$ cat structure15.txt   # compact mmCIF, C-alpha atoms
# COMPACT_ATOMS: atom_id res chain seq x y z
CA MET C 1000 -57.64 64.64 102.84
CA ALA C 1001 -55.69 67.80 101.91
CA LYS C 1002 -55.80 66.95 98.19
CA ILE C 1003 -59.54 66.24 98.35
CA LEU C 1004 -60.24 69.51 100.15
CA GLU C 1005 -58.23 71.32 97.50
CA LEU C 1006 -60.50 69.86 94.81
CA LEU C 1007 -63.62 70.72 96.82
CA ASN C 1008 -62.41 74.27 97.40
CA GLN C 1009 -62.03 75.25 93.75
CA ASN C 1010 -63.33 78.68 92.78
CA SER C 1011 -66.56 77.45 91.23
CA ALA C 1012 -69.52 75.85 92.98
CA LYS C 1013 -70.25 73.86 89.83
CA LYS C 1014 -66.73 72.43 89.79
CA ARG C 1015 -66.83 71.69 93.50
CA LEU C 1016 -70.08 69.76 93.23
CA SER C 1017 -68.86 67.89 90.17
CA GLU C 1018 -65.72 66.85 92.05
CA LEU C 1019 -67.80 65.69 95.00
CA GLN C 1020 -69.87 63.42 92.77
CA GLU C 1021 -66.69 61.69 91.58
CA ILE C 1022 -65.06 61.59 95.02
CA ALA C 1023 -68.20 60.10 96.56
CA LYS C 1024 -68.00 57.13 94.20
CA GLU C 1025 -64.55 56.20 95.52
CA THR C 1026 -64.85 57.12 99.19
CA ASP C 1027 -65.74 54.89 102.09
CA PHE C 1028 -67.50 57.11 104.59
CA PRO C 1029 -67.75 55.99 108.22
CA ASN C 1030 -71.05 54.98 109.70
CA ARG C 1031 -72.95 58.03 110.87
CA ASP C 1032 -73.09 58.27 114.61
CA PRO C 1033 -76.58 59.45 115.65
CA ARG C 1034 -75.01 61.43 118.50
CA TYR C 1035 -72.87 63.61 116.26
CA ILE C 1036 -74.62 66.72 114.99
CA ASN C 1037 -73.49 70.23 114.13
CA ASN C 1038 -75.86 73.00 113.14
CA HIS C 1039 -73.31 75.82 112.98
CA ILE C 1040 -70.69 75.26 110.28
CA HIS C 1041 -69.19 78.35 108.65
CA THR C 1042 -68.00 78.26 105.05
CA ILE C 1043 -66.04 80.47 102.68
CA TYR C 1044 -69.20 82.56 102.35
CA SER C 1045 -68.27 84.11 105.68
CA PHE C 1046 -64.92 82.80 106.91
CA SER C 1047 -63.71 79.23 106.89
CA PRO C 1048 -61.24 76.91 105.14
CA TYR C 1049 -64.24 75.01 103.73
CA SER C 1050 -66.46 75.68 100.76
CA PRO C 1051 -70.07 74.55 101.30
CA THR C 1052 -69.24 71.38 99.36
CA ALA C 1053 -66.07 70.77 101.37
CA ALA C 1054 -67.99 71.37 104.60
CA VAL C 1055 -70.54 68.70 103.70
CA TYR C 1056 -67.78 66.27 102.73
CA ALA C 1057 -65.87 66.93 105.97
CA SER C 1058 -69.07 66.45 107.96
CA ALA C 1059 -69.76 63.10 106.33
CA LYS C 1060 -66.13 62.02 106.62
CA ALA C 1061 -66.22 62.81 110.34
CA GLY C 1062 -69.30 60.64 110.79
CA LEU C 1063 -71.81 63.40 111.50
CA CYS C 1064 -75.40 62.30 111.03
CA THR C 1065 -76.56 65.86 110.29
CA ALA C 1066 -74.89 69.17 109.45
CA GLY C 1067 -75.96 72.79 109.25
CA ILE C 1068 -74.57 75.80 107.40
CA ILE C 1069 -74.42 79.12 109.24
CA ASP C 1070 -72.53 82.03 107.67
CA HIS C 1071 -72.20 85.58 108.94
CA ASP C 1072 -74.47 87.99 107.05
CA SER C 1073 -74.83 85.52 104.20
CA ILE C 1074 -77.10 82.80 102.85
CA GLY C 1075 -75.00 82.64 99.67
CA GLY C 1076 -73.55 79.18 100.26
CA ALA C 1077 -76.78 77.47 101.28
CA SER C 1078 -77.90 76.27 97.85
CA GLU C 1079 -74.52 74.63 97.23
CA PHE C 1080 -74.63 73.13 100.73
CA LEU C 1081 -78.00 71.54 99.96
CA ALA C 1082 -76.78 70.22 96.62
CA ALA C 1083 -73.68 68.68 98.19
CA ALA C 1084 -75.78 67.14 100.95
CA GLU C 1085 -78.05 65.56 98.35
CA ILE C 1086 -75.05 63.96 96.67
CA LEU C 1087 -73.98 62.37 99.96
CA ASN C 1088 -77.52 61.84 101.21
CA LEU C 1089 -76.75 63.76 104.40
CA PRO C 1090 -79.62 65.44 106.27
CA VAL C 1091 -78.81 69.14 106.63
CA THR C 1092 -80.28 72.44 107.71
CA CYS C 1093 -79.58 76.03 106.63
CA GLY C 1094 -79.38 79.39 108.30
CA PHE C 1095 -77.25 82.47 108.88
CA GLU C 1096 -75.84 84.57 111.69
CA LEU C 1097 -76.15 88.29 112.31
CA ARG C 1098 -75.00 90.83 114.83
CA VAL C 1099 -78.13 92.53 116.09
CA SER C 1100 -78.40 95.89 117.82
CA TRP C 1101 -79.66 95.72 121.40
CA LYS C 1102 -78.93 99.39 122.11
CA ASP C 1103 -82.58 100.15 122.90
CA SER C 1104 -82.83 97.19 125.28
CA PRO C 1105 -82.04 97.07 129.00
CA PHE C 1106 -78.68 95.61 127.93
CA GLY C 1107 -77.71 98.39 125.54
CA LYS C 1108 -74.57 99.21 127.51
CA GLN C 1109 -73.68 95.64 128.45
CA ARG C 1110 -71.23 93.21 126.88
CA ILE C 1111 -73.73 90.56 125.74
CA ASN C 1112 -72.21 87.82 123.56
CA ASN C 1113 -70.07 89.93 121.23
CA PRO C 1114 -66.39 90.12 122.28
CA ASP C 1115 -65.87 93.39 120.42
CA GLN C 1116 -68.77 95.66 121.29
CA ASP C 1117 -71.35 96.46 123.97
CA GLY C 1118 -75.06 96.42 123.15
CA VAL C 1119 -74.65 94.05 120.20
CA ALA C 1120 -75.63 90.38 120.19
CA TYR C 1121 -74.92 87.54 117.83
CA MET C 1122 -78.16 85.85 116.80
CA THR C 1123 -78.85 83.05 114.36
CA MET C 1124 -81.67 82.43 111.92
CA GLN C 1125 -82.14 78.67 111.87
CA GLY C 1126 -84.18 76.42 109.62
CA VAL C 1127 -84.31 78.67 106.54
CA ALA C 1128 -86.05 76.86 103.70
CA ALA C 1129 -84.58 77.09 100.19
CA LYS C 1130 -87.61 78.91 98.80
CA TYR C 1131 -86.83 81.78 101.18
CA PHE C 1132 -83.14 82.19 100.29
CA SER C 1133 -83.83 85.09 97.92
CA LYS C 1134 -85.99 86.85 100.51
CA ALA C 1135 -83.26 86.49 103.11
CA GLU C 1136 -80.69 87.74 100.62
CA GLU C 1137 -82.71 90.92 100.04
CA PHE C 1138 -82.49 91.59 103.76
CA LEU C 1139 -78.76 90.81 103.97
CA VAL C 1140 -77.40 92.73 100.95
CA PRO C 1141 -77.61 96.25 102.46
CA LEU C 1142 -76.18 95.01 105.76
CA ARG C 1143 -73.12 93.61 103.98
CA GLU C 1144 -72.68 96.83 102.03
CA LYS C 1145 -72.67 98.88 105.22
CA ARG C 1146 -70.32 96.42 106.86
CA ASN C 1147 -67.82 96.79 104.05
CA GLN C 1148 -67.79 100.55 104.49
CA ARG C 1149 -66.70 99.93 108.08
CA ASN C 1150 -64.25 97.24 106.99
CA ILE C 1151 -62.50 99.78 104.77
CA LYS C 1152 -62.21 102.21 107.68
CA MET C 1153 -60.72 99.48 109.88
CA ILE C 1154 -58.15 98.71 107.18
CA GLU C 1155 -57.27 102.40 107.21
CA ASN C 1156 -56.80 102.18 110.98
CA LEU C 1157 -54.62 99.13 110.51
CA ASN C 1158 -52.45 100.78 107.86
CA GLN C 1159 -51.74 103.70 110.18
CA LYS C 1160 -49.93 101.21 112.42
CA LEU C 1161 -47.94 99.54 109.65
CA SER C 1162 -44.88 100.38 107.59
CA ARG C 1163 -45.32 101.13 103.90
CA GLU C 1164 -44.29 97.64 102.79
CA MET C 1165 -46.89 96.05 105.08
CA GLN C 1166 -49.87 98.14 103.95
CA ILE C 1167 -53.12 96.27 103.26
CA ASP C 1168 -55.31 97.13 100.28
CA PHE C 1169 -58.99 96.27 100.76
CA VAL C 1170 -59.67 95.60 97.06
CA GLN C 1171 -56.46 93.76 96.22
CA ASP C 1172 -55.69 91.97 99.48
CA VAL C 1173 -58.99 91.44 101.30
CA MET C 1174 -61.75 91.02 98.75
CA PRO C 1175 -60.08 88.09 96.92
CA LEU C 1176 -60.13 86.15 100.21
CA SER C 1177 -63.94 86.32 100.26
CA GLU C 1178 -66.94 85.29 98.19
CA ILE C 1179 -68.22 88.86 98.01
CA LYS C 1180 -69.11 88.53 94.32
CA ASP C 1181 -71.44 85.63 95.06
CA GLY C 1182 -73.15 86.93 98.16
CA GLY C 1183 -70.45 86.24 100.73
CA SER C 1184 -69.57 88.53 103.60
CA ILE C 1185 -66.29 90.08 104.71
CA THR C 1186 -65.58 89.84 108.43
CA GLU C 1187 -62.86 90.95 110.82
CA ARG C 1188 -61.30 87.54 110.26
CA HIS C 1189 -60.82 88.39 106.58
CA LEU C 1190 -59.00 91.57 107.55
CA MET C 1191 -56.70 89.69 109.91
CA TYR C 1192 -56.19 86.89 107.39
CA ALA C 1193 -55.05 89.42 104.80
CA PHE C 1194 -52.71 90.85 107.43
CA ALA C 1195 -51.40 87.37 108.28
CA LYS C 1196 -50.74 86.59 104.63
CA LYS C 1197 -48.91 89.91 104.24
CA ILE C 1198 -46.70 89.07 107.22
CA SER C 1199 -45.84 85.66 105.75
CA ALA C 1200 -45.23 87.02 102.28
CA LYS C 1201 -43.10 89.97 103.31
CA LEU C 1202 -41.25 88.55 106.30
CA GLY C 1203 -41.51 84.78 106.14
CA ARG C 1204 -42.93 82.15 108.45
CA GLY C 1205 -41.47 81.12 111.78
CA GLU C 1206 -39.03 83.36 113.63
CA PRO C 1207 -39.56 86.46 111.42
CA THR C 1208 -43.31 86.29 112.11
CA ILE C 1209 -42.72 85.73 115.82
CA LYS C 1210 -40.33 88.70 115.95
CA PHE C 1211 -42.84 90.94 114.14
CA LEU C 1212 -45.73 90.00 116.42
CA ARG C 1213 -43.63 90.65 119.51
CA GLU C 1214 -42.63 94.02 118.10
CA GLN C 1215 -46.33 94.86 117.95
CA GLY C 1216 -46.56 94.24 121.69
CA ILE C 1217 -48.37 90.90 121.33
CA GLU C 1218 -47.68 88.40 124.08
CA LEU C 1219 -47.28 84.89 122.72
CA SER C 1220 -48.11 81.84 124.80
CA ALA C 1221 -46.22 78.56 124.60
CA GLY C 1222 -49.06 77.24 122.44
CA ASP C 1223 -48.84 80.23 120.12
CA LEU C 1224 -45.08 79.76 119.73
CA ALA C 1225 -45.46 76.07 118.94
CA LYS C 1226 -47.92 76.87 116.17
CA LEU C 1227 -45.87 79.73 114.76
CA GLN C 1228 -42.76 77.54 114.61
CA ASP C 1229 -44.63 74.90 112.59
CA VAL C 1230 -43.70 76.55 109.30
CA ASP C 1231 -44.84 73.61 107.16
CA TYR C 1232 -48.41 73.66 108.43
CA GLU C 1233 -50.75 73.99 105.45
CA PHE C 1234 -52.95 76.58 107.14
CA TYR C 1235 -50.16 78.51 108.88
CA GLU C 1236 -51.77 81.90 108.32
CA TYR C 1237 -54.91 80.72 110.12
CA ASP C 1238 -52.85 80.38 113.29
CA VAL C 1239 -51.41 83.85 112.80
CA LEU C 1240 -54.92 85.17 112.17
CA GLY C 1241 -56.12 83.73 115.48
CA ILE C 1242 -53.41 85.59 117.35
CA LEU C 1243 -54.06 88.82 115.46
CA LYS C 1244 -57.81 88.67 116.03
CA ALA C 1245 -57.46 88.23 119.78
CA SER C 1246 -54.70 90.82 120.20
CA PHE C 1247 -54.91 93.23 117.27
CA VAL C 1248 -58.56 93.69 116.35
CA PRO C 1249 -59.25 95.74 119.51
CA GLN C 1250 -56.63 98.23 118.32
CA ILE C 1251 -58.37 98.94 115.02
CA TYR C 1252 -61.98 98.07 115.78
CA ILE C 1253 -64.75 100.52 114.88
CA ASP C 1254 -68.15 99.95 116.45
CA ALA C 1255 -70.74 98.50 114.10
CA ASP C 1256 -73.85 100.65 113.73
CA GLU C 1257 -75.61 101.07 110.38
CA GLU C 1258 -74.94 97.47 109.36
CA LEU C 1259 -76.94 96.17 112.33
CA CYS C 1260 -80.60 95.29 112.21
CA THR C 1261 -82.77 95.70 115.31
CA ILE C 1262 -84.18 92.85 117.36
CA ASP C 1263 -87.67 93.63 116.08
CA GLN C 1264 -86.48 93.56 112.46
CA PHE C 1265 -84.76 90.24 113.07
CA VAL C 1266 -87.87 88.69 114.60
CA GLU C 1267 -90.08 90.07 111.85
CA LEU C 1268 -87.80 88.57 109.21
CA SER C 1269 -88.03 85.18 110.93
CA LYS C 1270 -91.81 85.34 110.63
CA GLU C 1271 -91.69 86.38 106.97
CA ILE C 1272 -89.45 83.46 106.01
CA GLU C 1273 -90.89 80.93 108.48
CA ALA C 1274 -87.49 80.51 110.13
CA ILE C 1275 -86.44 80.34 113.77
CA ALA C 1276 -84.89 83.39 115.42
CA CYS C 1277 -82.34 82.28 118.03
CA TYR C 1278 -80.33 83.92 120.72
CA ALA C 1279 -76.77 82.56 120.66
CA TYR C 1280 -75.58 81.93 124.21
CA LEU C 1281 -71.86 82.43 124.74
CA GLY C 1282 -71.34 82.60 128.50
CA ASP C 1283 -68.30 83.89 130.30
CA VAL C 1284 -65.13 82.68 128.55
CA THR C 1285 -62.08 81.39 130.37
CA ASP C 1286 -60.43 79.43 127.54
CA SER C 1287 -61.19 79.86 123.84
CA VAL C 1288 -61.69 76.72 121.74
CA THR C 1289 -60.92 78.56 118.50
CA GLY C 1290 -57.97 80.40 120.07
CA ASP C 1291 -59.15 83.86 119.06
CA LYS C 1292 -61.26 84.90 122.06
CA ALA C 1293 -59.63 86.35 125.15
CA ALA C 1294 -60.90 85.51 128.63
CA GLN C 1295 -63.91 87.76 129.11
CA ALA C 1296 -67.22 88.09 130.95
CA PHE C 1297 -70.40 88.08 128.92
CA GLU C 1298 -74.07 87.52 129.77
CA ASP C 1299 -73.86 85.19 132.76
CA ALA C 1300 -74.20 87.98 135.33
CA TYR C 1301 -77.68 88.92 134.09
CA LEU C 1302 -78.83 85.78 132.28
CA ASP C 1303 -82.17 85.51 134.13
CA GLU C 1304 -83.13 89.05 133.12
CA LEU C 1305 -81.96 88.39 129.56
CA PHE C 1306 -84.34 85.43 129.27
CA ASP C 1307 -87.21 87.63 130.43
CA PHE C 1308 -86.31 90.04 127.66
CA LEU C 1309 -86.21 87.23 125.08
CA ASP C 1310 -89.76 86.35 126.13
CA GLU C 1311 -90.83 89.95 125.70
CA LYS C 1312 -89.36 90.14 122.20
CA GLY C 1313 -90.75 86.80 121.00
CA ILE C 1314 -87.37 85.10 120.64
CA ASN C 1315 -88.30 81.52 121.38
CA ALA C 1316 -85.09 79.63 120.67
CA VAL C 1317 -81.57 79.51 122.06
CA THR C 1318 -78.52 78.01 120.39
CA TYR C 1319 -75.49 77.01 122.41
CA MET C 1320 -72.25 75.03 122.27
CA PRO C 1321 -71.97 72.18 124.80
CA ALA C 1322 -68.19 71.83 124.44
CA ARG C 1323 -67.51 75.50 125.11
CA ASN C 1324 -69.14 75.98 128.48
CA THR C 1325 -68.71 74.59 131.97
CA PRO C 1326 -71.18 72.01 133.30
CA GLU C 1327 -72.49 74.69 135.66
CA GLN C 1328 -73.13 77.12 132.80
CA ILE C 1329 -74.90 74.47 130.76
CA ALA C 1330 -77.04 73.29 133.67
CA ARG C 1331 -78.20 76.83 134.40
CA LEU C 1332 -78.87 77.57 130.74
CA LYS C 1333 -80.90 74.40 130.21
CA LYS C 1334 -83.02 75.12 133.30
CA LEU C 1335 -83.78 78.60 132.00
CA CYS C 1336 -84.67 77.21 128.57
CA VAL C 1337 -87.14 74.77 130.14
CA ARG C 1338 -88.59 77.42 132.44
CA HIS C 1339 -89.08 79.83 129.53
CA ASN C 1340 -90.19 77.15 127.04
CA LYS C 1341 -87.32 77.80 124.61
CA PHE C 1342 -86.40 75.59 121.68
CA GLN C 1343 -82.80 74.46 122.27
CA ILE C 1344 -80.47 74.15 119.27
CA SER C 1345 -76.86 73.03 119.30
CA GLY C 1346 -74.00 74.03 117.04
CA GLU C 1347 -70.23 74.33 117.49
CA ASP C 1348 -69.15 77.04 115.09
CA ILE C 1349 -66.51 75.69 112.72
CA ASN C 1350 -64.26 78.30 111.12
CA SER C 1351 -60.73 77.00 111.68
CA PRO C 1352 -58.86 74.05 110.15
CA ARG C 1353 -57.70 72.84 113.57
CA GLN C 1354 -61.26 72.32 114.77
CA ASP C 1355 -62.83 68.88 114.84
CA PHE C 1356 -66.21 68.59 113.17
CA ILE C 1357 -67.32 66.25 115.94
CA CYS C 1358 -68.51 67.71 119.20
CA TYR C 1359 -67.62 64.87 121.55
CA ALA C 1360 -69.67 66.46 124.31
CA MET C 1361 -72.69 65.15 122.42
CA GLU C 1362 -71.76 61.64 123.60
CA ASN C 1363 -73.07 62.70 127.00
CA PRO C 1364 -76.71 61.55 127.33
CA GLU C 1365 -77.38 64.90 129.00
CA PHE C 1366 -77.42 66.44 125.51
CA SER C 1367 -79.75 63.95 123.86
CA ASN C 1368 -82.36 66.71 123.75
CA LEU C 1369 -80.14 68.55 121.26
CA ILE C 1370 -80.08 65.54 118.97
CA ASP C 1371 -83.87 65.41 119.09
CA SER C 1372 -84.14 69.14 118.44
CA THR C 1373 -81.87 68.82 115.40
CA ARG C 1374 -84.21 66.24 113.89
CA ALA C 1375 -87.11 68.56 114.67
CA LEU C 1376 -85.27 71.48 113.06
CA ILE C 1377 -84.75 69.55 109.82
CA ALA C 1378 -88.42 68.53 109.80
CA HIS C 1379 -89.43 72.16 110.40
CA GLU C 1380 -87.37 73.25 107.40
CA LYS C 1381 -89.08 70.66 105.19
CA GLU C 1382 -92.51 71.87 106.31
CA ALA C 1383 -91.53 75.45 105.46
CA GLU C 1384 -90.25 74.39 102.04
CA GLN C 1385 -93.46 72.50 101.29
CA GLY C 1386 -95.62 75.43 102.39
CA THR C 1387 -97.83 73.41 104.70
CA GLY C 1388 -98.15 76.23 107.22
CA GLU C 1389 -97.28 73.71 109.93
CA THR C 1390 -93.78 74.85 110.89
CA PHE C 1391 -92.34 74.60 114.40
CA PHE C 1392 -93.66 77.98 115.57
CA ALA C 1393 -96.85 78.07 113.49
CA GLU C 1394 -99.84 79.13 115.62
CA SER C 1395 -101.73 75.93 114.82
CA ILE C 1396 -98.79 73.80 115.97
CA ILE C 1397 -98.23 75.81 119.14
CA LYS C 1398 -101.91 75.42 119.97
CA ARG C 1399 -101.62 71.63 119.64
CA PHE C 1400 -98.27 71.42 121.40
CA PRO C 1401 -97.78 74.38 123.76
CA LYS C 1402 -94.71 72.82 125.40
CA VAL C 1403 -91.61 72.89 123.25
CA GLU C 1404 -90.54 69.41 124.34
CA ASP C 1405 -93.83 67.96 123.05
CA ARG C 1406 -93.42 69.88 119.81
CA VAL C 1407 -89.89 68.52 119.40
CA ALA C 1408 -91.19 64.97 119.86
CA TYR C 1409 -93.87 65.57 117.21
CA PHE C 1410 -91.47 67.01 114.63
CA LYS C 1411 -88.76 64.48 115.39
CA ALA C 1412 -91.18 61.68 114.47
CA LYS C 1413 -92.00 63.18 111.06
$ encode --input "structure15.txt" --output "structure tokens"
Amino acid sequence: MAKILELLNQNSAKKRLSELQEIAKETDFPNRDPRYINNHIHTIYSFSPYSPTAAVYASAKAGLCTAGIIDHDSIGGASEFLAAAEILNLPVTCGFELRVSWKDSPFGKQRINNPDQDGVAYMTMQGVAAKYFSKAEEFLVPLREKRNQRNIKMIENLNQKLSREMQIDFVQDVMPLSEIKDGGSITERHLMYAFAKKISAKLGRGEPTIKFLREQGIELSAGDLAKLQDVDYEFYEYDVLGILKASFVPQIYIDADEELCTIDQFVELSKEIEAIACYAYLGDVTDSVTGDKAAQAFEDAYLDELFDFLDEKGINAVTYMPARNTPEQIARLKKLCVRHNKFQISGEDINSPRQDFICYAMENPEFSNLIDSTRALIAHEKEAEQGTGETFFAESIIKRFPKVEDRVAYFKAK
């Protein structure tokens, strides 16, 4: 698997797709389990160990029946994702994720679903048809440019805490870890990954890294120590990055501002490109699946009021992660979605090599609605691509099927 991923992660989309065509001829993929879906897979176009081609391969190899690309501030990998999916005949969907300013909302001073900043919410744009990629890119380019200005300032903050030999250079150390030249974004994870690689290169893996992290005042759990002592692990720096992001980012973080769009701008864009604007539910966190989120309270304390606000703003879909919340959180969320007639979309964000592409929670019949909605989402995207005017939230469709569950059934059958 490691050798295959290396081939599918080459520095050219053309090469990656060519390799996939050859690999597909010699690979026995498992039967696709209709319960296994994932609409929120990150790639190297934001931060991930997977190129779009590698992500499609890994999805098929895991037995997913559908997959979806979602990158932060970027649609750059979507065309490659579609091409790879065509090679493997895997149904897929495309979208992207943004941090959106809620400062003018009733929750402007609340911690919503962003671990780093009050008054900012992660939101996804789902079901983006290929013909709208360029339109989406026009919207995203200036946001990425502003984000990089802030990234540079955070690197400066980081360097103030480091010795001369450990200094990080944004151009030489960070940018090469991204796909910035081809429309990719640079995130806080890139900054911490560059830092992790510097630690490994200058000090060495294992005990020297552990000693350095402790010197920075970082408390290491038994799980952290086990990972850090596994010096032969192929993605060692990803484990270091997870620790740095949870413990170090708060020390250097600068609030995002100019790089954020408003809720109204986000909703308007969704209408222009016939896509689906989603609120991404996080819920209070007690244990982080990806290992880089500290225990923290988010939107659960005011979730009812938040749904009223979503109604007011015309945000008619919610995406959530069944494996990451308690049964009580999920039950409450689903009731609110039904009460407010929200389209429910599932996706477990993949951005770490230790994560499984399969969300085993989907084996629970309770989540069969999310399988149906995924089929509906793919059908919606096809309608948008064909220009029929009969997408999931088109006025004519809403008039025929006012209830989302009836609309899902209609699109699922297409």
$ residues_around --input "structure15.txt" --residues "Asn1088 in chain C" --least-positions-apart "6" --cutoff "12 Å" --atoms "only C-alpha atoms" --output "MDAnalysis selection string"
chainID C and resid 1020 1023 1028 1031 1055:1056 1058:1059 1063:1066 1080:1082
$ write_last_selection --input "structure15.txt" --atoms "C-alpha atoms" --output "short mmCIF file (atom, residue, chain, number, x, y, z; two decimals), in the frame of the given file"
data_model
loop_
_atom_site.label_atom_id
_atom_site.label_comp_id
_atom_site.auth_asym_id
_atom_site.auth_seq_id
_atom_site.Cartn_x
_atom_site.Cartn_y
_atom_site.Cartn_z
CA GLN C 1020 -69.87 63.42 92.77
CA ALA C 1023 -68.20 60.10 96.56
CA PHE C 1028 -67.50 57.11 104.59
CA ARG C 1031 -72.95 58.03 110.87
CA VAL C 1055 -70.54 68.70 103.70
CA TYR C 1056 -67.78 66.27 102.73
CA SER C 1058 -69.07 66.45 107.96
CA ALA C 1059 -69.76 63.10 106.33
CA LEU C 1063 -71.81 63.40 111.50
CA CYS C 1064 -75.40 62.30 111.03
CA THR C 1065 -76.56 65.86 110.29
CA ALA C 1066 -74.89 69.17 109.45
CA PHE C 1080 -74.63 73.13 100.73
CA LEU C 1081 -78.00 71.54 99.96
CA ALA C 1082 -76.78 70.22 96.62
#
$ residues_around --input "structure15.txt" --residues "Glu1005 in chain C" --least-positions-apart "3" --cutoff "10 Å" --atoms "all atoms listed in the file" --output "PyMOL selection string"
chain C and resi 1000-1002+1008-1009+1015+1048-1050+1053
$ write_last_selection --input "structure15.txt" --atoms "C-alpha atoms" --output "compact mmCIF listing (two decimals), keeping the file's coordinate frame"
# COMPACT_ATOMS: atom_id res chain seq x y z
CA MET C 1000 -57.64 64.64 102.84
CA ALA C 1001 -55.69 67.80 101.91
CA LYS C 1002 -55.80 66.95 98.19
CA ASN C 1008 -62.41 74.27 97.40
CA GLN C 1009 -62.03 75.25 93.75
CA ARG C 1015 -66.83 71.69 93.50
CA PRO C 1048 -61.24 76.91 105.14
CA TYR C 1049 -64.24 75.01 103.73
CA SER C 1050 -66.46 75.68 100.76
CA ALA C 1053 -66.07 70.77 101.37
$ atom_distance --input "structure15.txt" --atom1 "CA of Met1153 in chain C" --atom2 "CA of Tyr1252 in chain C"
6.2 Å
$ closest_residue --input "structure15.txt" --among "C:Arg1204, C:Arg1331, C:Arg1034, C:Lys1014" --to "Thr1052 in chain C" --atoms "all atoms listed in the file"
C:Lys1014
$ closest_residue --input "structure15.txt" --among "C:Ser1372, C:Gln1228, C:Asn1037, C:Ser1246" --to "Met1191 in chain C" --atoms "only C-alpha atoms"
C:Ser1246
$ closest_residue --input "structure15.txt" --among "C:Leu1335, C:Met1361, C:Ala1245, C:Ala1054" --to "Glu1304 in chain C" --atoms "all atoms listed in the file"
C:Leu1335
$ closest_residue --input "structure15.txt" --among "C:Gly1205, C:Pro1114, C:Pro1029, C:Gly1062" --to "Pro1249 in chain C" --atoms "only C-alpha atoms"
C:Pro1114
$ residues_around --input "structure15.txt" --residues "Glu1267 in chain C" --least-positions-apart "2" --cutoff "12 Å" --atoms "all atoms listed in the file" --output "PyMOL selection string"
chain C and resi 1124+1135+1138+1260-1265+1269-1276+1312-1314
$ write_last_selection --input "structure15.txt" --atoms "C-alpha atoms" --output "tab-separated table (two decimals), in the coordinates of the input"
chain	number	residue	atom	x	y	z
C	1124	MET	CA	-81.67	82.43	111.92
C	1135	ALA	CA	-83.26	86.49	103.11
C	1138	PHE	CA	-82.49	91.59	103.76
C	1260	CYS	CA	-80.60	95.29	112.21
C	1261	THR	CA	-82.77	95.70	115.31
C	1262	ILE	CA	-84.18	92.85	117.36
C	1263	ASP	CA	-87.67	93.63	116.08
C	1264	GLN	CA	-86.48	93.56	112.46
C	1265	PHE	CA	-84.76	90.24	113.07
C	1269	SER	CA	-88.03	85.18	110.93
C	1270	LYS	CA	-91.81	85.34	110.63
C	1271	GLU	CA	-91.69	86.38	106.97
C	1272	ILE	CA	-89.45	83.46	106.01
C	1273	GLU	CA	-90.89	80.93	108.48
C	1274	ALA	CA	-87.49	80.51	110.13
C	1275	ILE	CA	-86.44	80.34	113.77
C	1276	ALA	CA	-84.89	83.39	115.42
C	1312	LYS	CA	-89.36	90.14	122.20
C	1313	GLY	CA	-90.75	86.80	121.00
C	1314	ILE	CA	-87.37	85.10	120.64
$ closest_residue --input "structure15.txt" --among "C:Gln1125, C:Ser1045, C:Gln1166, C:Ser1199" --to "Ile1179 in chain C" --atoms "only C-alpha atoms"
C:Ser1045
$ closest_residue --input "structure15.txt" --among "C:Arg1098, C:Lys1152, C:Lys1160, C:His1039" --to "Cys1358 in chain C" --atoms "all atoms listed in the file"
C:His1039
$ atom_distance --input "structure15.txt" --atom1 "CA of Ala1300 in chain C" --atom2 "CA of Val1119 in chain C"
16.3 Å
$ residues_near_point --input "structure15.txt" --point "(-73.7, 82.7, 105.3)" --cutoff "8 Å" --atoms "only C-alpha atoms" --output "JSON, numbers by chain"
{"C": [1041, 1042, 1044, 1045, 1068, 1069, 1070, 1071, 1072, 1073, 1074, 1075, 1076, 1077, 1094, 1095, 1096, 1183, 1184]}
$ atom_distance --input "structure15.txt" --atom1 "CA of Arg1163 in chain C" --atom2 "CA of Ile1242 in chain C"
22.1 Å
$ closest_atom_pairs --input "structure15.txt" --of "range 1224-1294 of chain C" --to "range 1342-1352 of chain C" --cutoff "12 Å" --atoms "only C-alpha atoms" --output "tab-separated table"
residue	atom	partner	partner_atom	distance
C:Tyr1232	CA	C:Pro1352	CA	10.6
C:Glu1233	CA	C:Pro1352	CA	9.4
C:Phe1234	CA	C:Pro1352	CA	7.1
C:Tyr1235	CA	C:Pro1352	CA	9.9
C:Glu1236	CA	C:Pro1352	CA	10.7
C:Tyr1237	CA	C:Ser1351	CA	7.1
C:Asp1238	CA	C:Ser1351	CA	8.7
C:Val1239	CA	C:Ser1351	CA	11.6
C:Leu1240	CA	C:Ser1351	CA	10.0
C:Gly1241	CA	C:Ser1351	CA	9.0
C:Ile1275	CA	C:Phe1342	CA	9.2
C:Ala1276	CA	C:Phe1342	CA	10.1
C:Cys1277	CA	C:Ile1344	CA	8.4
C:Tyr1278	CA	C:Ile1344	CA	9.9
C:Ala1279	CA	C:Ile1344	CA	9.3
C:Tyr1280	CA	C:Ser1345	CA	10.2
C:Leu1281	CA	C:Glu1347	CA	11.0
C:Val1288	CA	C:Glu1347	CA	9.8
C:Thr1289	CA	C:Ser1351	CA	7.0
C:Gly1290	CA	C:Ser1351	CA	9.5
C:Asp1291	CA	C:Ser1351	CA	10.2
